[in-house]
$ cat run09.csv   # CSV, C-alpha atoms and all ligand atoms
chain,number,residue,atom,x,y,z
A,253,MET,CA,127.3,131.6,80.3
A,254,SER,CA,128.3,135.2,79.4
A,255,LYS,CA,129.2,136.1,75.8
A,256,ILE,CA,132.8,136.7,77.1
A,257,ASP,CA,133.0,133.2,78.6
A,258,PHE,CA,131.7,131.8,75.3
A,259,LEU,CA,134.4,133.7,73.4
A,260,LYS,CA,137.1,132.4,75.8
A,261,THR,CA,135.9,128.8,75.2
A,262,PHE,CA,136.2,129.5,71.4
A,263,ILE,CA,139.8,130.8,71.9
A,264,LYS,CA,140.8,127.7,73.8
A,265,ASP,CA,139.1,125.2,71.5
A,266,LYS,CA,138.8,125.6,67.7
A,267,ASP,CA,136.0,123.0,67.5
A,268,VAL,CA,133.7,125.5,69.2
A,269,ALA,CA,133.7,127.2,65.7
A,270,SER,CA,131.7,130.2,66.7
A,271,VAL,CA,132.6,133.3,68.7
A,272,THR,CA,129.1,133.8,70.1
A,273,PRO,CA,126.0,131.7,70.8
A,274,THR,CA,123.4,131.4,68.0
A,275,SER,CA,120.9,134.2,67.9
A,276,GLN,CA,117.3,133.8,69.3
A,277,HIS,CA,116.0,134.6,65.8
A,278,CYS,CA,118.0,131.7,64.3
A,279,VAL,CA,117.1,129.3,67.2
A,280,LYS,CA,113.4,130.0,66.7
A,281,LYS,CA,113.6,129.7,62.9
A,282,VAL,CA,115.5,126.3,63.0
A,283,CYS,CA,113.0,125.0,65.6
A,284,THR,CA,109.9,125.7,63.4
A,285,ASN,CA,110.8,122.3,61.9
A,286,ILE,CA,110.0,120.5,65.2
A,287,ASP,CA,106.5,119.4,66.2
A,288,PHE,CA,106.3,120.2,69.9
A,289,SER,CA,102.7,119.2,70.3
A,290,LYS,CA,103.6,115.5,71.1
A,291,ASP,CA,106.2,113.6,73.1
A,292,ILE,CA,109.4,113.5,71.2
A,293,VAL,CA,113.0,112.2,71.6
A,294,LEU,CA,115.5,114.8,70.4
A,295,VAL,CA,119.3,114.4,70.4
A,296,GLU,CA,121.3,117.7,70.2
A,297,TYR,CA,124.9,117.6,69.0
A,298,GLY,CA,127.1,120.5,70.1
A,299,PRO,CA,124.7,122.3,72.4
A,300,GLY,CA,127.5,124.7,73.5
A,301,ASP,CA,126.2,126.9,76.3
A,302,GLY,CA,122.6,125.5,75.8
A,303,VAL,CA,121.0,128.3,73.7
A,304,PHE,CA,119.0,125.8,71.7
A,305,SER,CA,118.6,123.3,74.6
A,306,ARG,CA,116.8,125.9,76.8
A,307,TYR,CA,114.4,126.9,74.0
A,308,LEU,CA,113.7,123.3,73.3
A,309,LEU,CA,112.9,122.5,77.0
A,310,ASP,CA,110.5,125.4,77.1
A,311,LYS,CA,108.6,124.0,74.2
A,312,MET,CA,108.8,120.3,74.8
A,313,THR,CA,106.1,118.2,76.5
A,314,PRO,CA,106.7,116.8,80.0
A,315,GLY,CA,107.0,113.3,78.4
A,316,SER,CA,109.7,114.3,75.9
A,317,LYS,CA,113.4,113.5,76.2
A,318,LEU,CA,116.4,115.7,75.3
A,319,ILE,CA,119.8,114.1,74.9
A,320,LEU,CA,122.8,116.5,74.8
A,321,VAL,CA,126.1,115.4,73.2
A,322,GLU,CA,128.9,118.0,73.8
A,323,LEU,CA,132.6,117.4,73.2
A,324,ASN,CA,134.0,120.5,74.9
A,325,GLU,CA,134.5,119.9,78.6
A,326,ASP,CA,133.9,123.5,79.7
A,327,PHE,CA,130.5,123.5,77.9
A,328,TYR,CA,129.7,120.1,79.2
A,329,THR,CA,130.4,121.2,82.8
A,330,HIS,CA,128.3,124.4,82.3
A,331,LEU,CA,125.4,122.4,80.9
A,332,ARG,CA,125.5,119.9,83.8
A,333,GLU,CA,125.5,122.8,86.3
A,334,THR,CA,122.8,124.9,84.7
A,335,ILE,CA,120.3,122.5,83.1
A,336,VAL,CA,118.6,120.4,85.7
A,337,ASP,CA,115.5,118.8,84.2
A,338,PRO,CA,114.3,115.2,84.4
A,339,ARG,CA,113.9,115.1,80.6
A,340,VAL,CA,117.6,115.8,79.9
A,341,GLU,CA,120.6,113.6,79.7
A,342,ILE,CA,124.1,115.1,79.0
A,343,PHE,CA,127.1,113.3,77.6
A,344,ASN,CA,130.7,114.5,77.1
A,345,ILE,CA,131.5,112.5,73.9
A,346,ARG,CA,131.9,113.0,70.2
A,347,ALA,CA,128.7,113.1,68.1
A,348,GLY,CA,129.9,110.1,66.1
A,349,ASP,CA,129.8,108.0,69.3
A,350,VAL,CA,126.2,108.8,70.1
A,351,GLN,CA,124.9,105.3,69.7
A,352,THR,CA,127.3,104.0,72.4
A,353,VAL,CA,125.5,106.1,75.1
A,354,LEU,CA,121.8,106.0,74.1
A,355,GLU,CA,119.5,103.6,75.9
A,356,PRO,CA,119.1,100.6,73.5
A,357,SER,CA,115.4,101.3,73.3
A,358,LEU,CA,116.1,104.7,71.8
A,359,ILE,CA,118.2,103.4,68.9
A,360,GLY,CA,116.1,103.8,65.8
A,361,ASN,CA,113.5,105.7,67.8
A,362,VAL,CA,114.8,109.2,67.8
A,363,ASP,CA,112.5,111.8,66.3
A,364,TYR,CA,115.0,114.6,65.7
A,365,VAL,CA,118.7,115.1,65.7
A,366,LEU,CA,119.7,118.8,65.8
A,367,SER,CA,123.3,119.5,65.1
A,368,GLY,CA,125.5,122.6,65.5
A,369,ILE,CA,128.9,120.8,65.2
A,370,PRO,CA,131.2,122.2,62.5
A,371,PHE,CA,131.1,119.4,60.0
A,372,SER,CA,133.5,121.4,57.8
A,373,PHE,CA,136.3,120.6,60.4
A,374,LEU,CA,135.8,116.8,59.9
A,375,ASN,CA,137.5,114.8,57.2
A,376,LYS,CA,135.4,112.8,54.8
A,377,GLU,CA,135.6,109.6,56.9
A,378,ARG,CA,134.6,111.3,60.1
A,379,LYS,CA,131.7,113.1,58.4
A,380,LYS,CA,130.5,109.8,57.2
A,381,VAL,CA,130.8,108.2,60.7
A,382,VAL,CA,128.7,111.0,62.2
A,383,LEU,CA,126.1,110.9,59.5
A,384,GLU,CA,125.8,107.0,59.6
A,385,ALA,CA,125.5,107.2,63.4
A,386,THR,CA,122.8,109.8,63.1
A,387,LYS,CA,120.9,107.7,60.6
A,388,SER,CA,121.1,104.6,62.9
A,389,ILE,CA,119.6,106.4,65.8
A,390,LEU,CA,116.8,108.2,63.9
A,391,LYS,CA,113.4,106.5,63.5
A,392,GLU,CA,112.0,106.0,60.0
A,393,GLY,CA,110.8,109.4,58.8
A,394,GLY,CA,112.9,111.1,61.6
A,395,LEU,CA,114.5,114.4,60.8
A,396,PHE,CA,118.1,115.5,60.9
A,397,LEU,CA,118.5,119.3,61.2
A,398,ALA,CA,122.0,120.8,60.9
A,399,TYR,CA,122.9,124.5,61.0
A,400,GLN,CA,126.2,125.1,59.1
A,401,THR,CA,128.2,127.9,57.7
A,402,SER,CA,128.4,126.6,54.2
A,403,GLY,CA,126.9,124.2,51.6
A,404,HIS,CA,129.7,121.6,52.1
A,405,LEU,CA,127.3,119.0,53.7
A,406,LYS,CA,125.3,118.4,50.5
A,407,LYS,CA,127.4,115.6,49.0
A,408,PRO,CA,128.0,113.5,52.2
A,409,VAL,CA,124.3,113.9,53.3
A,410,MET,CA,123.2,112.8,49.8
A,411,GLU,CA,125.5,109.7,50.0
A,412,VAL,CA,124.1,108.7,53.4
A,413,PHE,CA,120.5,109.9,53.4
A,414,GLY,CA,119.7,110.4,49.7
A,415,ASN,CA,117.8,113.7,50.3
A,416,PHE,CA,118.1,117.2,51.8
A,417,GLU,CA,116.6,120.7,51.7
A,418,THR,CA,118.4,123.8,52.8
A,419,ASP,CA,117.3,127.1,54.1
A,420,PHE,CA,119.5,130.2,54.6
A,421,ILE,CA,119.4,132.3,57.8
A,422,PRO,CA,121.4,135.5,57.2
A,423,LEU,CA,120.4,137.2,60.5
A,424,ASN,CA,123.0,135.4,62.6
A,425,LEU,CA,126.7,135.6,63.3
A,426,PRO,CA,127.8,133.6,61.4
A,427,PRO,CA,125.0,133.3,58.8
A,428,TYR,CA,123.8,129.7,58.7
A,429,PHE,CA,122.5,127.2,56.1
A,430,VAL,CA,120.0,124.9,57.7
A,431,TYR,CA,119.9,121.4,56.3
A,432,LYS,CA,116.7,119.5,56.7
A,433,VAL,CA,117.3,115.8,56.0
A,434,TYR,CA,114.8,112.9,56.5
A,435,LYS,CA,115.6,109.2,57.2
A,436,ASN,CA,114.0,107.3,54.4
A,437,ALA,CA,112.0,110.1,53.1
A,438,VAL,CA,109.0,108.9,51.0
B,501,LIG,C1,129.1,126.5,66.5
B,501,LIG,S1,129.1,125.9,68.1
B,501,LIG,C2,127.3,125.8,68.4
B,501,LIG,C3,127.0,126.0,69.9
B,501,LIG,C4,125.5,126.2,70.2
B,501,LIG,N1,124.8,125.1,69.8
B,501,LIG,C5,125.0,127.4,69.6
B,501,LIG,O1,124.1,127.3,68.7
B,501,LIG,O2,125.4,128.5,70.0
B,501,LIG,C6,129.6,124.2,67.9
B,501,LIG,C7,129.5,123.3,69.1
B,501,LIG,O3,129.7,121.9,68.8
B,501,LIG,C8,130.6,121.4,69.7
B,501,LIG,N2,131.3,120.3,69.0
B,501,LIG,C9,132.3,120.4,68.0
B,501,LIG,N3,132.6,119.2,67.5
B,501,LIG,C10,131.8,118.3,68.2
B,501,LIG,C11,131.7,116.8,68.1
B,501,LIG,N4,132.4,116.1,67.3
B,501,LIG,N5,130.8,116.2,69.0
B,501,LIG,C12,130.0,117.0,69.9
B,501,LIG,N6,130.1,118.3,70.0
B,501,LIG,C13,131.0,119.0,69.2
B,501,LIG,C14,131.5,122.5,70.2
B,501,LIG,O4,132.2,122.3,71.4
B,501,LIG,C15,130.4,123.6,70.3
B,501,LIG,O5,129.8,123.6,71.5

$ encode --input "run09.csv" --output "structure tokens"
Amino acid sequence: MSKIDFLKTFIKDKDVASVTPTSQHCVKKVCTNIDFSKDIVLVEYGPGDGVFSRYLLDKMTPGSKLILVELNEDFYTHLRETIVDPRVEIFNIRAGDVQTVLEPSLIGNVDYVLSGIPFSFLNKERKKVVLEATKSILKEGGLFLAYQTSGHLKKPVMEVFGNFETDFIPLNLPPYFVYKVYKNAV
């Protein structure tokens, strides 16, 4: 998708929340938290035009799985038309409903959830719904990675997961905080 088409999607839908796809610099930096040396199950919320998804697929083993959860219909259609890979499944649903579409065997067995959705647009209850759903699908020790424009996720993440670290990536439009949150960190 061109940058102009991305911008048009943003103009039509406020939940897109960004005028341009994440920079390659930021994609690489966020993905340094992922161990690509083994088969993994990764769920991505808000893949947009697939800037992270394509990078992930380049790095992931043939036995890995990538599940894309995208609310915007234009992005969903674009992803379906452009990402054809046996490791990928794509759903046009809200992130908070992820557990309704995952194969039952994957619930509690997801290694990573990567999220670009604008949590700041969700009210307190919806934030909690998404975070609880995320915790329910992750395996013990699994990692939730969320790139966000502000520090507003600290409190809800602490309430649901009890831990977080953040990193700041200034070289992106917009600059992002990256939350790194473990399920049942030891
Ligand atoms: C800031 S953009 C990030 C797009 C892309 N991942 C990137 O890095 O360029 C946020 C994305 O989240 C999607 N989104 C917003 N709310 C969502 C929700 N509740 N569930 C799933 N996707 C959502 C938007 O449609 C958009 O694709």

$ residues_near_ligand --input "run09.csv" --ligand "ligand LIG 501 (chain B)" --cutoff "8 Å" --atoms "all atoms listed in the file" --output "PyMOL selection string"
chain A and resi 265+267-275+279+297-304+321-325+327+344-348+367-371

$ atom_distance --input "run09.csv" --atom1 "atom CA of His404 of chain A" --atom2 "atom CA of Ile292 of chain A"
29.0 Å

$ closest_residue --input "run09.csv" --among "A:Cys278, A:Leu405, A:Ile389, A:Leu397" --to "Pro356 of chain A" --atoms "only C-alpha atoms"
A:Ile389

$ atom_distance --input "run09.csv" --atom1 "atom CA of Phe413 of chain A" --atom2 "atom CA of Leu425 of chain A"
28.2 Å

$ closest_residue --input "run09.csv" --among "A:Val353, A:Val381, A:Arg306, A:Thr313" --to "Ser289 of chain A" --atoms "all atoms listed in the file"
A:Thr313

$ atom_distance --input "run09.csv" --atom1 "atom CA of Asn424 of chain A" --atom2 "atom CA of Ser254 of chain A"
17.6 Å

$ closest_residue --input "run09.csv" --among "A:Ser357, A:Ser402, A:Thr386, A:Ser372" --to "Tyr431 of chain A" --atoms "all atoms listed in the file"
A:Ser402

$ closest_residue --input "run09.csv" --among "A:Glu411, A:Glu355, A:Asp291, A:Glu392" --to "Ser316 of chain A" --atoms "all atoms listed in the file"
A:Asp291

$ residues_around --input "run09.csv" --residues "Asn436 of chain A" --least-positions-apart "2" --cutoff "12 Å" --atoms "only C-alpha atoms" --output "PDB file with C-alpha atoms, in the coordinates of the input"
ATOM      1  CA  LYS A 387     120.900 107.700  60.600  1.00  0.00           C
ATOM      2  CA  SER A 388     121.100 104.600  62.900  1.00  0.00           C
ATOM      3  CA  LEU A 390     116.800 108.200  63.900  1.00  0.00           C
ATOM      4  CA  LYS A 391     113.400 106.500  63.500  1.00  0.00           C
ATOM      5  CA  GLU A 392     112.000 106.000  60.000  1.00  0.00           C
ATOM      6  CA  GLY A 393     110.800 109.400  58.800  1.00  0.00           C
ATOM      7  CA  GLY A 394     112.900 111.100  61.600  1.00  0.00           C
ATOM      8  CA  LEU A 395     114.500 114.400  60.800  1.00  0.00           C
ATOM      9  CA  PHE A 396     118.100 115.500  60.900  1.00  0.00           C
ATOM     10  CA  MET A 410     123.200 112.800  49.800  1.00  0.00           C
ATOM     11  CA  VAL A 412     124.100 108.700  53.400  1.00  0.00           C
ATOM     12  CA  PHE A 413     120.500 109.900  53.400  1.00  0.00           C
ATOM     13  CA  GLY A 414     119.700 110.400  49.700  1.00  0.00           C
ATOM     14  CA  ASN A 415     117.800 113.700  50.300  1.00  0.00           C
ATOM     15  CA  PHE A 416     118.100 117.200  51.800  1.00  0.00           C
ATOM     16  CA  VAL A 433     117.300 115.800  56.000  1.00  0.00           C
ATOM     17  CA  TYR A 434     114.800 112.900  56.500  1.00  0.00           C
ATOM     18  CA  VAL A 438     109.000 108.900  51.000  1.00  0.00           C
TER      19      VAL A 438
END

$ closest_residue --input "run09.csv" --among "A:Met312, A:Met253, A:Ile421, A:Ile359" --to "His330 of chain A" --atoms "all atoms listed in the file"
A:Met253

$ closest_residue --input "run09.csv" --among "A:Gly403, A:Gly360, A:Gly315, A:Pro338" --to "Glu417 of chain A" --atoms "only C-alpha atoms"
A:Gly403

$ axis_aligned_box --input "run09.csv" --around "segment 394-412 of chain A" --padding-each-side "3 Å" --output "lines of an AutoDock Vina configuration file"
center_x = 121.3
center_y = 118.3
center_z = 55.3
size_x = 22.8
size_y = 25.2
size_z = 18.6

$ residues_around --input "run09.csv" --residues "Phe288 of chain A" --least-positions-apart "6" --cutoff "12 Å" --atoms "all atoms listed in the file" --output "list in words"
Leu294, Tyr307, Leu308, Leu309, Asp310, Lys311, Met312, Thr313, Pro314, Gly315, Ser316, Lys317, Asp363 and Tyr364 of chain A

$ residues_near_point --input "run09.csv" --point "(114.4, 129.9, 56.3)" --cutoff "8 Å" --atoms "all atoms listed in the file" --output "number ranges by chain"
A: 281-282, 419-421, 430
